[in-house]
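Colleague: Before we start, here is the structure in question, set down as structure tokens.
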Amino acid sequence: MDTAAQPVVEIQSLKKVFHVGFWGRRVTAVDGLSLEVLRGEVFGFLGPNGAGKTTTIKMLMGLIYPSSGTATLFGQSIGDPAAKAKVGFLPESPYFYDYLSSREFLRFYGHLFGLWGTALERRIEELLELVGMTHARDLQLRKFSKGMLQRVGIAQALINDPELIILDEPMSGLDPIGRKEVRDLILRLKESEKTVMFSSHILHDAELLCDRVAMIMKGKLVACGLVSDLVGQNATQSVEMVVEKLGPESLEHLRPFTEKILLQGNQTLLVLKDQHHVRQALDLVRVAKGDLVSLTPHRSSLEDLFIRKAAGLEPRLQEAA
Amino acid sequence: MKVWSIAFNTFRENLRDKLLYNLLIFALLMIGSSLILMRLTLGEFHRLILDIGLGSINFFGVLIAIFIGIGLVSKEIEKKTIYTIISKPVARFQFLLGKYLGLSVTLLINTAIMTAGLLAVLYLQEVPVHGVLFKALGMIMVEFMVITAVALLFSTFSSATLSAIFTLAVYVIGHLTPDLKAFGQKMDGLSQTVLEGMYYVLPNLERFNLKGHVTHQLDVPVSDLLIITAYGITYTAFLLLLASVIFQRRDFR
């Protein structure tokens with residue numbers, strides 16, 4: 001069998017029902033979720049807060065038992081130590097043993113994978129270098145900032161040189177520089193042919209990084225596929241055009257093609273209904289001897305898709321209730 | 001190997017916990033205080049020192065076992081540090097066993113330090129030291145092992161505060177189990193069954209108490225010690241097994 005095509009993560013109709021409160025009210029956190037993560041891809045697991053992302057990831061890591069359905073990592077059922085040995089995991093807003101220094105911390109996690117001695121020490125130095133924490137190698141974690149914790153957290157997830165790296169909200173709570181560093185790191189992992197699955201509610205990051213994404217809402221899968229396909233499917237693109245020195249008459253000529261016209265000083269912002277009108281609008285501007293300042297196509301983003309799906313899901317859920 | 005790594009990490013965690021030092025200092029102060037209390041007593045100095053000394057070692061050791069023991073697992077869950085451990089190729093029972101062994105090592109070292117304090121006081125007062133003292137200390141250590149296992153068991157399914165209350169209750173009742181049985185025999189019907197049931201289920205901690213033997217210099221045969229130790233170990237093993245079964249089924253939310 002071709003190993004390249006074999007899914008690294010395979011989830012089939014996974015369901016988790018929690019019993020909350022004194023009366024054990026049933027809350028379905030993940031509802032019949034099925035998806036696959038393929039070898040070597042960066043897979044984004046998206047959804048708003050409380051959609052069931054963390055619950056799904058915890059089930060994959062053996063922290064929570066599914067109510068029904070199955071999931072496998074490398075073809076082995078979840079919770080199997082042999083599968084866990086090939087996985088690196090960073091939990092959401094990680095909490096670590098704050099009485100340890102970064103080196104002691106990484107050494108401890110190395111031991112849990114059965115790594116010892118000089119090979120482990122070398123690996124620790126490499127990882128501290130990779131996440132840019134060599135300067136704090138002997139500092140206790142209690143003195144770390146959130147960004148620093150996230151970095152040693154990532155180092156911890158890579159200690160066993162895993163084939164699959166699962167990151168739960170790796171970018172949350174980080175400043176723009178920190179987020180860029182995490183993005184770069186994920187890309188570097190992809191270059192070294194690792195499989196990365198990360199959850200996020202920040203769609204921009206996913207759009208920049210992911211080969212494929214899955215979007216879940218209220219525990220259900222609402223979209224899954226290549227980012228380009230998902231965005232392309234629903235591409236209603238608008239174009240923003242900024243022009244100068246345009247008389248009021250010529251604006252009237254342009255009005256049929258536009259959605260919106262905004263006057264800002266001697267500049268005019270025109271939002272064109274779609275890209276097919278660009279040429280006609282440009283011709284009109286040229287005839288009226290106006291100057292074109294900028295022309296910006298607005299591609300439909302994952303964010304738009306996300307909002308549309310959320311809006312589409314809302315009424316259906318209300319009906320169901 | 002993984003169990004020992006977790007045990008070592010737990011031991012290190014204990015060493016960096018201020019609570020441990022506070023309790024240890026108080027224990028040493030208590031043991032030392034017998035030097036002052038002696039002046040208030042008429043005769044029987046030796047018994048007083050031994051009584052206060054062994055009592056302090058027992059009391060503070062139990063406090064350490066309970067107050068660190070209850071946090072062993074519940075703190076890991078509350079602080080979410082457990083996520084990174086259970087997601088590694090570590091079985092859940094290995095984690096529990098590691099935590100347990102780590103605290104046991106801490107308690108062993110603490111008992112050794114407190115014993116050194118007691119021996120220093122005994123030496124200063126020129127009190128003769130008999131072998132039975134060390135036998136009693138050994139049994140105190142076995143009691144710590146049982147108490148730690150009780151604390152660990154509660155901490156696998158309840159919060160730190162509740163675990164502390166439960167464990168303290170087990171400790172107090174555990175020293176009164178013979179009374180439970182005697183009391184039960186005076187009752188009838190359901191009350192008798194309940195009290196006798198408690199007598200058999202709860203640990204009989206009074207079995208580990210050899211302080212009377214020490215103060216009265218009565219030796220205890222080795223065969224008795226073996227039976228008591230076997231009882232302690234069996235009880236501990238049972239508690240740890242129960243804790244693993246509960247812990248294995250838990251969801252970490």
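Residue numbering restarts at 1 in every chain; chains get A, B, ... in the order shown in the structure tokens, and ligands count up from 1 in that same order.
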Counting only C-alpha atoms, collect the residues of chain A whose closest atom lies at most 10 Å from chain B, and write them out as a PyMOL selection string.
Modeller: chain A and resi 18+54-55+58-66+79-100+104-105+107-114+153+156-157+160
Colleague: Could you write out the selected residues, including N, CA and C atoms, as a tab-separated table (two decimals), in the first residue's frame?
Modeller:
```
chain	number	residue	atom	x	y	z
A	18	PHE	N	-20.88	14.97	27.00
A	18	PHE	CA	-20.50	15.22	28.39
A	18	PHE	C	-21.74	15.30	29.26
A	54	THR	N	-10.98	21.46	20.74
A	54	THR	CA	-10.12	20.94	21.80
A	54	THR	C	-10.57	19.55	22.24
A	55	THR	N	-11.89	19.36	22.32
A	55	THR	CA	-12.41	18.04	22.72
A	55	THR	C	-11.95	16.98	21.73
A	58	LYS	N	-8.29	16.33	22.24
A	58	LYS	CA	-8.06	15.57	23.47
A	58	LYS	C	-8.42	14.10	23.27
A	59	MET	N	-9.45	13.85	22.47
A	59	MET	CA	-9.79	12.45	22.20
A	59	MET	C	-8.66	11.78	21.43
A	60	LEU	N	-8.08	12.50	20.47
A	60	LEU	CA	-6.98	11.93	19.69
A	60	LEU	C	-5.79	11.62	20.60
A	61	MET	N	-5.59	12.44	21.64
A	61	MET	CA	-4.44	12.26	22.50
A	61	MET	C	-4.71	11.33	23.67
A	62	GLY	N	-5.93	10.75	23.73
A	62	GLY	CA	-6.22	9.81	24.80
A	62	GLY	C	-6.51	10.46	26.14
A	63	LEU	N	-6.83	11.75	26.13
A	63	LEU	CA	-7.15	12.43	27.38
A	63	LEU	C	-8.62	12.32	27.72
A	64	ILE	N	-9.42	12.13	26.66
A	64	ILE	CA	-10.86	12.00	26.81
A	64	ILE	C	-11.27	10.79	26.00
A	65	TYR	N	-12.21	10.01	26.52
A	65	TYR	CA	-12.66	8.84	25.77
A	65	TYR	C	-13.88	9.21	24.93
A	66	PRO	N	-13.91	8.79	23.66
A	66	PRO	CA	-15.08	9.08	22.82
A	66	PRO	C	-16.32	8.35	23.35
A	79	GLY	N	-4.69	6.23	21.90
A	79	GLY	CA	-4.34	5.79	23.24
A	79	GLY	C	-3.26	4.72	23.23
A	80	ASP	N	-3.00	4.14	22.06
A	80	ASP	CA	-1.95	3.13	21.93
A	80	ASP	C	-0.58	3.81	22.12
A	81	PRO	N	0.22	3.36	23.09
A	81	PRO	CA	1.52	4.00	23.32
A	81	PRO	C	2.40	4.05	22.07
A	82	ALA	N	2.28	3.02	21.21
A	82	ALA	CA	3.10	3.00	20.00
A	82	ALA	C	2.74	4.17	19.09
A	83	ALA	N	1.46	4.52	19.05
A	83	ALA	CA	1.04	5.66	18.24
A	83	ALA	C	1.48	6.96	18.90
A	84	LYS	N	1.32	7.03	20.22
A	84	LYS	CA	1.69	8.26	20.94
A	84	LYS	C	3.17	8.58	20.79
A	85	ALA	N	3.98	7.53	20.64
A	85	ALA	CA	5.42	7.73	20.53
A	85	ALA	C	5.79	8.51	19.28
A	86	LYS	N	4.90	8.51	18.28
A	86	LYS	CA	5.21	9.19	17.02
A	86	LYS	C	4.53	10.56	16.91
A	87	VAL	N	3.90	10.98	18.01
A	87	VAL	CA	3.13	12.22	17.98
A	87	VAL	C	3.73	13.23	18.95
A	88	GLY	N	3.70	14.49	18.55
A	88	GLY	CA	4.05	15.58	19.46
A	88	GLY	C	2.80	16.40	19.68
A	89	PHE	N	2.59	16.84	20.91
A	89	PHE	CA	1.33	17.52	21.23
A	89	PHE	C	1.57	18.76	22.08
A	90	LEU	N	0.97	19.85	21.66
A	90	LEU	CA	1.00	21.09	22.45
A	90	LEU	C	-0.42	21.42	22.85
A	91	PRO	N	-0.75	21.34	24.16
A	91	PRO	CA	-2.12	21.66	24.56
A	91	PRO	C	-2.41	23.15	24.48
A	92	GLU	N	-3.70	23.46	24.58
A	92	GLU	CA	-4.12	24.85	24.53
A	92	GLU	C	-3.62	25.60	25.75
A	93	SER	N	-3.24	26.85	25.58
A	93	SER	CA	-2.60	27.66	26.63
A	93	SER	C	-1.91	26.77	27.66
A	94	PRO	N	-0.76	26.25	27.27
A	94	PRO	CA	-0.13	25.19	28.05
A	94	PRO	C	0.29	25.63	29.45
A	95	TYR	N	0.08	24.71	30.38
A	95	TYR	CA	0.56	24.90	31.74
A	95	TYR	C	1.61	23.84	31.96
A	96	PHE	N	2.76	24.25	32.47
A	96	PHE	CA	3.80	23.26	32.68
A	96	PHE	C	4.24	23.31	34.13
A	97	TYR	N	5.13	22.39	34.48
A	97	TYR	CA	5.67	22.37	35.83
A	97	TYR	C	6.52	23.60	36.00
A	98	ASP	N	5.99	24.59	36.76
A	98	ASP	CA	6.67	25.87	36.77
A	98	ASP	C	7.90	25.90	37.66
A	99	TYR	N	8.12	24.80	38.40
A	99	TYR	CA	9.31	24.76	39.25
A	99	TYR	C	10.52	24.21	38.52
A	100	LEU	N	10.33	23.86	37.23
A	100	LEU	CA	11.44	23.31	36.45
A	100	LEU	C	12.06	24.40	35.57
A	104	GLU	N	15.52	21.21	32.43
A	104	GLU	CA	15.00	20.11	33.24
A	104	GLU	C	13.66	19.62	32.68
A	105	PHE	N	12.87	20.60	32.26
A	105	PHE	CA	11.54	20.33	31.72
A	105	PHE	C	11.65	19.44	30.47
A	107	ARG	N	14.18	17.67	29.55
A	107	ARG	CA	14.82	16.39	29.88
A	107	ARG	C	13.77	15.40	30.40
A	108	PHE	N	12.90	15.91	31.27
A	108	PHE	CA	11.85	15.07	31.85
A	108	PHE	C	10.96	14.49	30.74
A	109	TYR	N	10.54	15.35	29.79
A	109	TYR	CA	9.69	14.85	28.72
A	109	TYR	C	10.44	13.89	27.80
A	110	GLY	N	11.72	14.14	27.64
A	110	GLY	CA	12.54	13.21	26.86
A	110	GLY	C	12.54	11.83	27.48
A	111	HIS	N	12.69	11.81	28.82
A	111	HIS	CA	12.69	10.52	29.54
A	111	HIS	C	11.40	9.76	29.30
A	112	LEU	N	10.29	10.51	29.22
A	112	LEU	CA	9.00	9.84	29.04
A	112	LEU	C	8.92	9.14	27.68
A	113	PHE	N	9.76	9.58	26.74
A	113	PHE	CA	9.82	8.91	25.44
A	113	PHE	C	10.94	7.88	25.41
A	114	GLY	N	11.58	7.68	26.57
A	114	GLY	CA	12.66	6.72	26.62
A	114	GLY	C	13.97	7.25	26.05
A	153	GLY	N	6.84	25.05	25.09
A	153	GLY	CA	5.76	24.09	24.83
A	153	GLY	C	5.94	23.43	23.48
A	156	GLN	N	8.84	21.07	23.60
A	156	GLN	CA	8.39	19.86	24.29
A	156	GLN	C	7.67	18.93	23.33
A	157	ALA	N	6.87	19.53	22.43
A	157	ALA	CA	6.11	18.71	21.49
A	157	ALA	C	7.01	18.07	20.44
A	160	ASN	N	10.57	14.27	20.72
A	160	ASN	CA	10.73	12.90	20.21
A	160	ASN	C	10.85	12.86	18.69
```
Colleague: From a DSSP pass on the backbone, collect the residues of region 128-307 of chain A flagged as strand (DSSP E or B) and hand them back as a ChimeraX atom specification.
Modeller: /A:140,164-168,195-200,212-217,220-226,238-244,258-264,267-272,291-298
Colleague: Can you pull out the residues contacting region 213-220 of chain B? Cut-off 6 Å, using only C-alpha atoms, and skip same-chain residues under 2 positions away; I want them as a list in words.
Modeller: Arg47, Val132, Leu133, Leu210 and Lys211 of chain B
Colleague: Export, as an mmCIF file, in the first residue's frame, the selected residues with N, CA, C and O atoms.
Modeller:
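Writing the result to selection-v9.cif gives the following:
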```cif
data_model
loop_
_atom_site.group_PDB
_atom_site.id
_atom_site.type_symbol
_atom_site.label_atom_id
_atom_site.label_comp_id
_atom_site.auth_asym_id
_atom_site.auth_seq_id
_atom_site.Cartn_x
_atom_site.Cartn_y
_atom_site.Cartn_z
ATOM 1 N N ARG B 47 10.628 9.182 78.923
ATOM 2 C CA ARG B 47 9.370 8.837 78.265
ATOM 3 C C ARG B 47 8.789 10.043 77.538
ATOM 4 O O ARG B 47 8.255 9.928 76.442
ATOM 5 N N VAL B 132 13.916 -1.047 69.582
ATOM 6 C CA VAL B 132 12.484 -0.972 69.333
ATOM 7 C C VAL B 132 12.097 0.415 68.783
ATOM 8 O O VAL B 132 11.117 0.555 68.046
ATOM 9 N N LEU B 133 12.906 1.448 69.091
ATOM 10 C CA LEU B 133 12.645 2.786 68.560
ATOM 11 C C LEU B 133 12.634 2.746 67.038
ATOM 12 O O LEU B 133 11.746 3.314 66.379
ATOM 13 N N LEU B 210 3.491 1.782 67.542
ATOM 14 C CA LEU B 210 4.310 1.048 68.519
ATOM 15 C C LEU B 210 4.909 2.001 69.546
ATOM 16 O O LEU B 210 5.902 1.694 70.204
ATOM 17 N N LYS B 211 4.328 3.195 69.683
ATOM 18 C CA LYS B 211 4.917 4.202 70.584
ATOM 19 C C LYS B 211 4.916 3.699 72.034
ATOM 20 O O LYS B 211 5.878 3.924 72.761
#
```
Colleague: I'd like the contact shell of Gln6 (chain A) - 12 Å cut-off, only C-alpha atoms, skipping same-chain residues fewer than 6 positions apart - returned as an mmCIF file with N, CA, C and O atoms, in the first residue's frame.
Modeller:
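What ended up in result.cif:
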```cif
data_model
loop_
_atom_site.group_PDB
_atom_site.id
_atom_site.type_symbol
_atom_site.label_atom_id
_atom_site.label_comp_id
_atom_site.auth_asym_id
_atom_site.auth_seq_id
_atom_site.Cartn_x
_atom_site.Cartn_y
_atom_site.Cartn_z
ATOM 1 N N GLU A 36 -9.990 13.145 7.790
ATOM 2 C CA GLU A 36 -8.692 12.492 7.630
ATOM 3 C C GLU A 36 -7.610 13.550 7.519
ATOM 4 O O GLU A 36 -7.831 14.594 6.893
ATOM 5 N N VAL A 37 -6.468 13.263 8.085
ATOM 6 C CA VAL A 37 -5.309 14.121 7.875
ATOM 7 C C VAL A 37 -4.275 13.281 7.146
ATOM 8 O O VAL A 37 -3.943 12.181 7.586
ATOM 9 N N LEU A 38 -3.815 13.783 6.000
ATOM 10 C CA LEU A 38 -2.895 12.990 5.173
ATOM 11 C C LEU A 38 -1.446 13.286 5.515
ATOM 12 O O LEU A 38 -1.128 14.341 6.057
ATOM 13 N N ARG A 39 -0.603 12.334 5.174
ATOM 14 C CA ARG A 39 0.819 12.449 5.488
ATOM 15 C C ARG A 39 1.423 13.684 4.803
ATOM 16 O O ARG A 39 1.174 13.934 3.633
ATOM 17 N N GLY A 40 2.171 14.448 5.574
ATOM 18 C CA GLY A 40 2.923 15.556 5.010
ATOM 19 C C GLY A 40 2.152 16.845 4.809
ATOM 20 O O GLY A 40 2.707 17.820 4.310
ATOM 21 N N GLU A 41 0.900 16.863 5.176
ATOM 22 C CA GLU A 41 0.159 18.110 4.964
ATOM 23 C C GLU A 41 0.051 18.922 6.244
ATOM 24 O O GLU A 41 0.236 18.417 7.345
ATOM 25 N N THR A 72 -8.090 6.774 14.581
ATOM 26 C CA THR A 72 -6.790 6.112 14.596
ATOM 27 C C THR A 72 -5.688 7.114 14.282
ATOM 28 O O THR A 72 -5.895 8.093 13.581
ATOM 29 N N LEU A 73 -4.509 6.847 14.847
ATOM 30 C CA LEU A 73 -3.301 7.593 14.526
ATOM 31 C C LEU A 73 -2.334 6.576 13.925
ATOM 32 O O LEU A 73 -2.068 5.563 14.548
ATOM 33 N N PHE A 74 -1.867 6.836 12.728
ATOM 34 C CA PHE A 74 -0.981 5.894 12.027
ATOM 35 C C PHE A 74 -1.608 4.495 11.977
ATOM 36 O O PHE A 74 -0.911 3.489 12.100
ATOM 37 N N GLY A 75 -2.912 4.441 11.850
ATOM 38 C CA GLY A 75 -3.589 3.151 11.751
ATOM 39 C C GLY A 75 -3.756 2.425 13.074
ATOM 40 O O GLY A 75 -4.368 1.366 13.124
#
```
Colleague: Near region 210-218 of chain A, within 6 Å and counting only C-alpha atoms, which residues show up once chain neighbours fewer than 4 positions away are dropped, as an MDAnalysis selection string?
Modeller: chainID A and resid 42:47 51 206 222:227
Colleague: Which residues are close to Leu28 (chain B), i.e. within 10 Å by only C-alpha atoms, leaving aside same-chain residues fewer than 3 positions away? Reply as a PDB file with C-alpha atoms, in the first residue's frame.
Modeller:
```
ATOM      1  CA  LEU B  23       6.143  21.330  58.153  1.00  0.00           C
ATOM      2  CA  LEU B  24       9.656  19.999  58.569  1.00  0.00           C
ATOM      3  CA  ILE B  25      10.752  23.023  60.593  1.00  0.00           C
ATOM      4  CA  ILE B  31      10.912  17.538  68.832  1.00  0.00           C
ATOM      5  CA  GLY B  32      13.263  20.155  70.274  1.00  0.00           C
ATOM      6  CA  SER B  33      10.531  21.576  72.494  1.00  0.00           C
ATOM      7  CA  GLY B  53       9.457  12.924  69.493  1.00  0.00           C
ATOM      8  CA  SER B  56       5.747  14.745  66.220  1.00  0.00           C
ATOM      9  CA  ILE B  57       7.346  12.552  63.582  1.00  0.00           C
ATOM     10  CA  PHE B  60       3.953  15.938  60.776  1.00  0.00           C
ATOM     11  CA  ILE B 113      15.685  14.028  58.993  1.00  0.00           C
ATOM     12  CA  MET B 114      13.128  14.083  61.805  1.00  0.00           C
ATOM     13  CA  THR B 115      14.628  10.901  63.236  1.00  0.00           C
ATOM     14  CA  ALA B 116      18.052  12.542  63.209  1.00  0.00           C
ATOM     15  CA  GLY B 117      16.507  15.451  65.161  1.00  0.00           C
ATOM     16  CA  LEU B 118      15.032  13.074  67.700  1.00  0.00           C
TER      17      LEU B 118
END
```
Colleague: Write down as a ChimeraX atom specification the residues of region 54-274 of chain A whose backbone DSSP state falls under helix (DSSP H, G or I).
Modeller: /A:54-60,81-84,102-112,117-130,134-136,141-143,146-157,176-191,203-209,227-233,248-257
Colleague: Got a sec: who's within 6 Å of Gly69 (chain A), counting only C-alpha atoms, leaving out chain neighbours fewer than 3 positions off, as a list in words?
Modeller: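 The residues that qualify are Gln12, Ser13 and Leu14 of chain A.
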Colleague: Provide the CA of Ile228 (chain B) to CA of Val150 (chain B) distance in Å, to one decimal place.
Modeller: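 These atoms are spaced 17.5 Å apart.
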Colleague: What gap, in Å, lies between CA of Val271 (chain A) and CA of Ser294 (chain A)?
Modeller: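 Computing it gives 11.7 Å between the two atoms.
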Colleague: Would you compute the distance between CA of Ser172 (chain A) and CA of Arg188 (chain A)? Give it in Å to one decimal.
Modeller: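 Answer for the CA of Ser172 (chain A) to CA of Arg188 (chain A) separation: 19.6 Å.
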